[in-house]
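Visitor: Mind having a look at this structure? Questions to follow.
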Protein chains: 4
Amino acid sequence: LPGDGLFAPLLVSDELAELTGDTAWLQALLDAEAALAGAGADAGIIPAEAAEAIADACVAANFDADEIGRAGRGGGNPVIPLVPALTAAVAETARTWVHWGATSQDILDTAAMLVAARAMVPLQRDLGALADACADLADRHRHTLMAGRTLLQQALPITFGGKAAGWLLGVLDARRMVVEARTSLTAQLGGAAGTLASLGDDGPAVLRCYARRLDLAEPLVPWHTARQRIAALGAALATATATAAKVCGDVGLLMQTEVAEAHEPGASGRGGSSTLPHKRNPVAAASTATASRRATALLPLLVGAVVAEHERPVGAWQAEWQALGEMLALAGSAAARAAATVEGLEIDTGAMGRNLALTGGILLSERVVFALAEVMSRTEASRLVTAAAARAASGGAGFAEALTAEPRIAELLPPARIAELLDPGGYLGASQVWIDRALAAHRDTPTDPAGSEDKDRSP
Amino acid sequence: LPGDGLFAPLLVSDELAELTGDTAWLQALLDAEAALAGAGADAGIIPAEAAEAIADACVAANFDADEIGRAGRGGGNPVIPLVPALTAAVAETARTWVHWGATSQDILDTAAMLVAARAMVPLQRDLGALADACADLADRHRHTLMAGRTLLQQALPITFGGKAAGWLLGVLDARRMVVEARTSLTAQLGGAAGTLASLGDDGPAVLRCYARRLDLAEPLVPWHTARQRIAALGAALATATATAAKVCGDVGLLMQTEVAEAHEPGASGRGGSSTLPHKRNPVAAASTATASRRATALLPLLVGAVVAEHERPVGAWQAEWQALGEMLALAGSAAARAAATVEGLEIDTGAMGRNLALTGGILLSERVVFALAEVMSRTEASRLVTAAAARAASGGAGFAEALTAEPRIAELLPPARIAELLDPGGYLGASQVWIDRALAAHRDTPTDPAGSEDKDRSP
Amino acid sequence: LPGDGLFAPLLVSDELAELTGDTAWLQALLDAEAALAGAGADAGIIPAEAAEAIADACVAANFDADEIGRAGRGGGNPVIPLVPALTAAVAETARTWVHWGATSQDILDTAAMLVAARAMVPLQRDLGALADACADLADRHRHTLMAGRTLLQQALPITFGGKAAGWLLGVLDARRMVVEARTSLTAQLGGAAGTLASLGDDGPAVLRCYARRLDLAEPLVPWHTARQRIAALGAALATATATAAKVCGDVGLLMQTEVAEAHEPGASGRGGSSTLPHKRNPVAAASTATASRRATALLPLLVGAVVAEHERPVGAWQAEWQALGEMLALAGSAAARAAATVEGLEIDTGAMGRNLALTGGILLSERVVFALAEVMSRTEASRLVTAAAARAASGGAGFAEALTAEPRIAELLPPARIAELLDPGGYLGASQVWIDRALAAHRDTPTDPAGSEDKDRSP
Amino acid sequence: LPGDGLFAPLLVSDELAELTGDTAWLQALLDAEAALAGAGADAGIIPAEAAEAIADACVAANFDADEIGRAGRGGGNPVIPLVPALTAAVAETARTWVHWGATSQDILDTAAMLVAARAMVPLQRDLGALADACADLADRHRHTLMAGRTLLQQALPITFGGKAAGWLLGVLDARRMVVEARTSLTAQLGGAAGTLASLGDDGPAVLRCYARRLDLAEPLVPWHTARQRIAALGAALATATATAAKVCGDVGLLMQTEVAEAHEPGASGRGGSSTLPHKRNPVAAASTATASRRATALLPLLVGAVVAEHERPVGAWQAEWQALGEMLALAGSAAARAAATVEGLEIDTGAMGRNLALTGGILLSERVVFALAEVMSRTEASRLVTAAAARAASGGAGFAEALTAEPRIAELLPPARIAELLDPGGYLGASQVWIDRALAAHRDTPTDPAGSEDKDRSP
């Protein structure tokens, strides 16, 4: 596709590029054909030697993806030319049994599920790593004060650990969607119109063996035009990508020159500009934001494919292939980027404190209102405090002074009490409870057994 | 919104319009405020009488949605003016306790969950009714022959019951997504920056009571900017809408003048044209297709909202409100339309048979290939049969004759065997097994207790 | 639609709500019917009195939009019940001539064009006002220094006038798209299948008169399923909405507590929070961002409608109606919001200066490189300056000191020269030229005659 | 990107793959760098020999796109590593002048415009060929009767030439959008923050020479974050793609087994299935439908990029690159597919006639109503004819008989008159006028000079 060498690496890691690339797809298509032949043998309708011969030929390196892709133009999908190519590659006696009983959609859908199953291993692993990194920050910075910001305005004090616990919560939710989608990846086999007619009475038995050989769930019924599961898978992938973008986006905002509370991990060449020597751009923020925009834009292709004409649609199904492949690549890569960003985050707690102090306590105005509301109406309290905040904001006095300057406040709240109220560390509510709960939920999330292999997220 | 009176009813039933309309939202917002006050009382931080006074005032009829909507422009959401309006509506002594501890997002998010919980009752009910209707067709027409169509071309014989079983499968999948989304609807309460700071140490207790009073799940931690659950909810709704459009879309295709195998239930005025007396348009097909296009287009707004700046975003969250409300309305209405369509479907089994016979058996060509492949290579068999099909298609002889005209075929397959092979009723593979499995899965799906009330899907 | 009273006003002004509301649509539908009858009379195929009688009845107040919308469910569009309702409302002798020759799509498409023509008057007016306001800022602040920010990092000095000139340029581009789309709004009349068959040979003459009466362009040929013009119109509207969001979004970023260089105009209640007395939220930023997200999400519905089956599609066309109406409302309202925001912008030039000075001149590092590059390789110059910037950023010395501390720099650039290089006012390049050009382009943009009426953008 | 070799060729022609591929992008990036150096020399700020040396090195073959793409991860775009690579490739004395004055966005945006300019040559050519082919059909089949179909139901007779004229009209509209977008492709040059600061007073002169050298329009002002033109370009591309899908989609519907009025051009292997020998699938319909779905889904990325933070955004701009490149590839390829489809369309006028006769004249019911309406109220006429149509549809009598069976009709319309009224050839209204107009508009459309080269649309 257009300019992939130049642009795709900005969004897709080498690992995911490999897991969703042509060779991976080709192997998955061939794995489906091999399993089909094997299942036929299991069910006793294909000679075992033929199945073995077919399986032996099902090696991606024996085929040329570009050639098959181009040859696919005639029939509208790459399986149509792959079948004769595979047939030609097996011994003459086995040829009859190649693709026995299947339609091209059976092979393509099954391959898509295999690619998904494989590409979701690092996705799940890196959502786990991202969760770990957020949990670590939540715990370590559970008492680090900073400004909570709503609509990009300072709102109330929070702790950086609480913020990280919020990230963690979202990551756990996204991960749950991903795990669920992954466990429901299902084999596809129905033949030309879903009836497995050419297999006579053996269809269900072949389907069972086929799914078992592929380590995919066995479908109740072929799902050629029951695509709800693909829509759900896509939603999980888009949500996971957006989750990575949320976390990295917050970091990008914290990196602003005027805020400077946190920075993406620095590495040689990271964030540089082609002309500005001092620049340190939020590249993970940009990369995950771009990935999330793309994944979100592609999702309607998968949901739209649910509306599939009769037993196979004209365009809806075909639009799934690249969209799903790309969404797998984007989600996994964005999760890896986000994990690396949070793991290596450079945090400036001093800047957090300085920024929190910028408004001289105005941030605590709600607290003053609640204190006053114990003895006057809250409406009145709010009116008085808002006026003091406005006076302080317009310069001159600090907020504490402005409060004291209001007789009705001064009467109720002596300066020491005001100072106490304006201490951000004393107005954190349930922050510690939330952090503990998020950490507990994280601990309770089972580790992905498939994720135990070595991490490789370079770059 | 633009021309809603004229256009929205085409897509939204009266029932859903009411459940997602202004009064419903307003009541949900007030229910959240009432529950907040009640929870404060439960936790002992608000006088019980104040909570009761507040709850008494929380009646939608006391407020004017249009006025509040307009007043919301200043602050950017309707809760900001609702709070003073509610405050003014309660007795003076209780006023201080209105909205105690909450931020506007707490009330809005919670109201959205309540609206969803209520609007999903008929959605779930009508997905159930749609499933029932599909199951009924699947069973009744399990032996009704028709053409299976892939890429809009006749492909192989299927039964209409098998087709309906395919619909059923998709409906059950969509329903599962909806049920899951509905059971995870969660209350929201975090205060201005998610810490519940103004409630001191009482935040967690208040949150628990609040969720319990609202019959919503209690969140681990406030989820102001952990919106993954909304994305998942939206995916379920868009998928449900698309599922309805898939079923009705198939019916619309079957209604084509040249196909005429099934028609949407006829009722006075249904499907009429403003000028053509003979027209009987597929209105449920059009309506659900439109609904599905809209719901699919709106979904990116919900997924995009996962990327939410800091503790409350500028635009991402705000884009959820109408999108979610509309998606609830569209999904429920489309499910109702589809259920009514399948329940009342007018089926012409004669037309199904005639259309299946249109090509004189060419549809069974795969079967002839497989029969020949027992004694020659499949490639060769396929070549011979394709040539015969081409000769038949180009006119002159029928397919049976064209097959017999080929000596190598004639030698192997006597005319009677060819006639047998070209009988569509004998080439249905696992159709009956699939139907049985789909029906069993349907039977095993627990009925929604909330869906037991009377159906009202008019229109 | 869901919760419109509560939510729509946040995005849609009263003016646009009226211009795209039910009454506006209903009147536009009736205007089309009246013009059709009048055109029939012009062409001599309908009695003039009948045409007059029909025109007299074509008053929105005579009909009930909600009732017609509900009655439209049967046939799938609101014109189908409107025709008999209109027929019933005219004198018996004229009834035969109601809707003479038209199909419902003719009336609906034409009405959509009329609604667009009317709603685009304030859109064009307010894009003009927005352009004026940007031009005013560009001129007044042509020398006001501030930091240019790329990827949210300070990059180089710019002037606030230059920034406003950039806004202006975008607004002029968007306006050009809007003007073009508006001038190509075209009447629709083709009868049931586009041939105007029921008008015999009189079709073209009737079409000409019809378009002339409606002040819409006459189409070459009915465009029932040639929807490219709607896609182009939608693109203009979405782009205009996004343009408003770009400008207001920048303001929202400038409003951040830590930046505080500009604020949306303050008015009582603007930007307030339901609990935080000190809050001043960027409400125009949020509102236009939300509007832009929605308009962008709806655009695929209009582009997707280009793929329209045969002579009228099942769903594609029907999805245009609400999408187009809403996009008109959003674009006009967002333009008005942005114009008001820029007109009343509160600018803190002191904060701009302070923020520009935050990094102690590091922002000018490129300039130092270019100065050094006159006598050494640029690569080497860049290396030295980057090192100095890193030393300065890591604390201790200022940037000037860090530069001087490097012998190879000190040798070439004496402190006075360094001070001169680090003066942001001397490194503005073509800023003034750009401003002059943007202002000239703005002056050369013809004022919209239709926009001369009184502005009413409340709120 | 995922599985490009296997899947992209189904949607993208070899020609467009080349014009939008890595080498094309790389060369465009280098062309921009060469023009920048040349423009510097033109303006007298760069030694002419240095500019020549740089230009000499600007050959894509000297660089490795994959390597640069990977190296781009650090800085977030491929220009950042390209600049040092190019610097290293030029003679030492010229190195200082590489990328002089530019920022990476200047080079990337300009390259995007160059890629667009080049990829739009075949797009424009093939839209022209598609228009020619539609015009040819419109003229040749101006009297070929067929059924006009609305909502997939037969509505009224049309001619196939009229249908093709409708396609033509849409193609001309799409082409106009494309031509306009192409003529407004504009160079980009602004330096790090848009001021061209490092060029001092020479910026505007360099910009002028730069644009002239690239044969792109000169911008008034750098448009780093004024992206309206990209949104408009994207809208033109998505609309062109959808236009191709509309035409091919109609062909796909006409290919249905039960309709069979037209077929995509047959070629060996075209439309085949992996298992069904008789299958002839609508592959151009599927391919253009898929392309249109993708292009439509990607468009929001370009419109969304209008909302760009400050002087360069975090994600919005970056999401343009692949989306724009792919949309160029999809539009050009879909136009070529559609042109080839219409050029080689296999038309069965006999089937058109047979299908038109299927309903025994019911299709002309509107005409009977209008004939009766000359002597009775149209409402009454409509009622009588609808009843007759219903009787005929429910079997038994033909429509003519059913009409005659109604005394009030029989009295007014003798059988011969009814026969005349039910002749579809006499009820075509302005069809011939529309065809003539569309053909005239086509003749008046200037041929693209750039499109005069040999067509190469294989496949």
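The way I read the labels, and the way they are meant: chains A, B, ... in the order of the structure tokens, residue 1 as the first residue of every chain, and ligand 1 as the first ligand shown, with later ones counted on from there.
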Determine which residues of chain B sit within 7 Å of chain C, taking into account only C-alpha atoms, and present them as a ChimeraX atom specification.
Guide: /B:1-10,17,20-22,25,65-66,68-70,72-76,78,80,103-104,192,269-275,283,285-287,289-290,293,297-298,301,314-316,318-319,322,325-326
Visitor: Can you pull out the residues contacting Ala373 in chain A? Cut-off 7 Å, using only C-alpha atoms, and skip same-chain residues under 5 positions away; I want them as a count of residues only.
Guide: 3
Visitor: Do a neighbour search on range 420-422 of chain C at 7 Å with only C-alpha atoms, toss out local chain neighbours closer than 2 positions, and write the hits as JSON, numbers by chain.
Guide: {"C": [361, 364, 367, 368, 416, 417, 418, 424]}
Visitor: Restricting the output to C-alpha atoms, write the selected residues as a compact mmCIF listing (two decimals), in the first residue's frame.
Guide:
# COMPACT_ATOMS: atom_id res chain seq x y z
CA GLY C 361 16.48 31.72 24.56
CA LEU C 364 16.38 30.55 19.21
CA ARG C 367 19.17 30.82 14.69
CA VAL C 368 22.47 30.24 16.48
CA ALA C 416 26.67 40.73 22.48
CA ARG C 417 26.13 38.80 19.27
CA ILE C 418 24.69 35.92 21.22
CA PRO C 424 13.09 36.62 19.54
Visitor: For Leu372 in chain A, list every protein, DNA or RNA residue within 10 Å, evaluated using only C-alpha atoms, and leave out those in the same chain fewer than 5 positions away; present the list as a PyMOL selection string.
Guide: chain A and resi 366-367+377-378+380-382+384-385+408-409+412-413
Visitor: Using only C-alpha atoms, which protein or nucleic acid residues come within 9 Å of range 162-175 of chain D? Drop anything in the same chain fewer than 6 positions from it, and give the result as a PyMOL selection string.
Guide: (chain C and resi 194-195+220-229+306+310-311) or (chain D and resi 123-124+127-128+130-139+141-144+148+236-237+239-241+243-244+246-247+431-432+434-439+441-442+445)
Visitor: List every residue of range 19-211 of chain C that DSSP, applied to the backbone, labels as helix (DSSP H, G or I), and write the result as a count of residues only.
Guide: 135
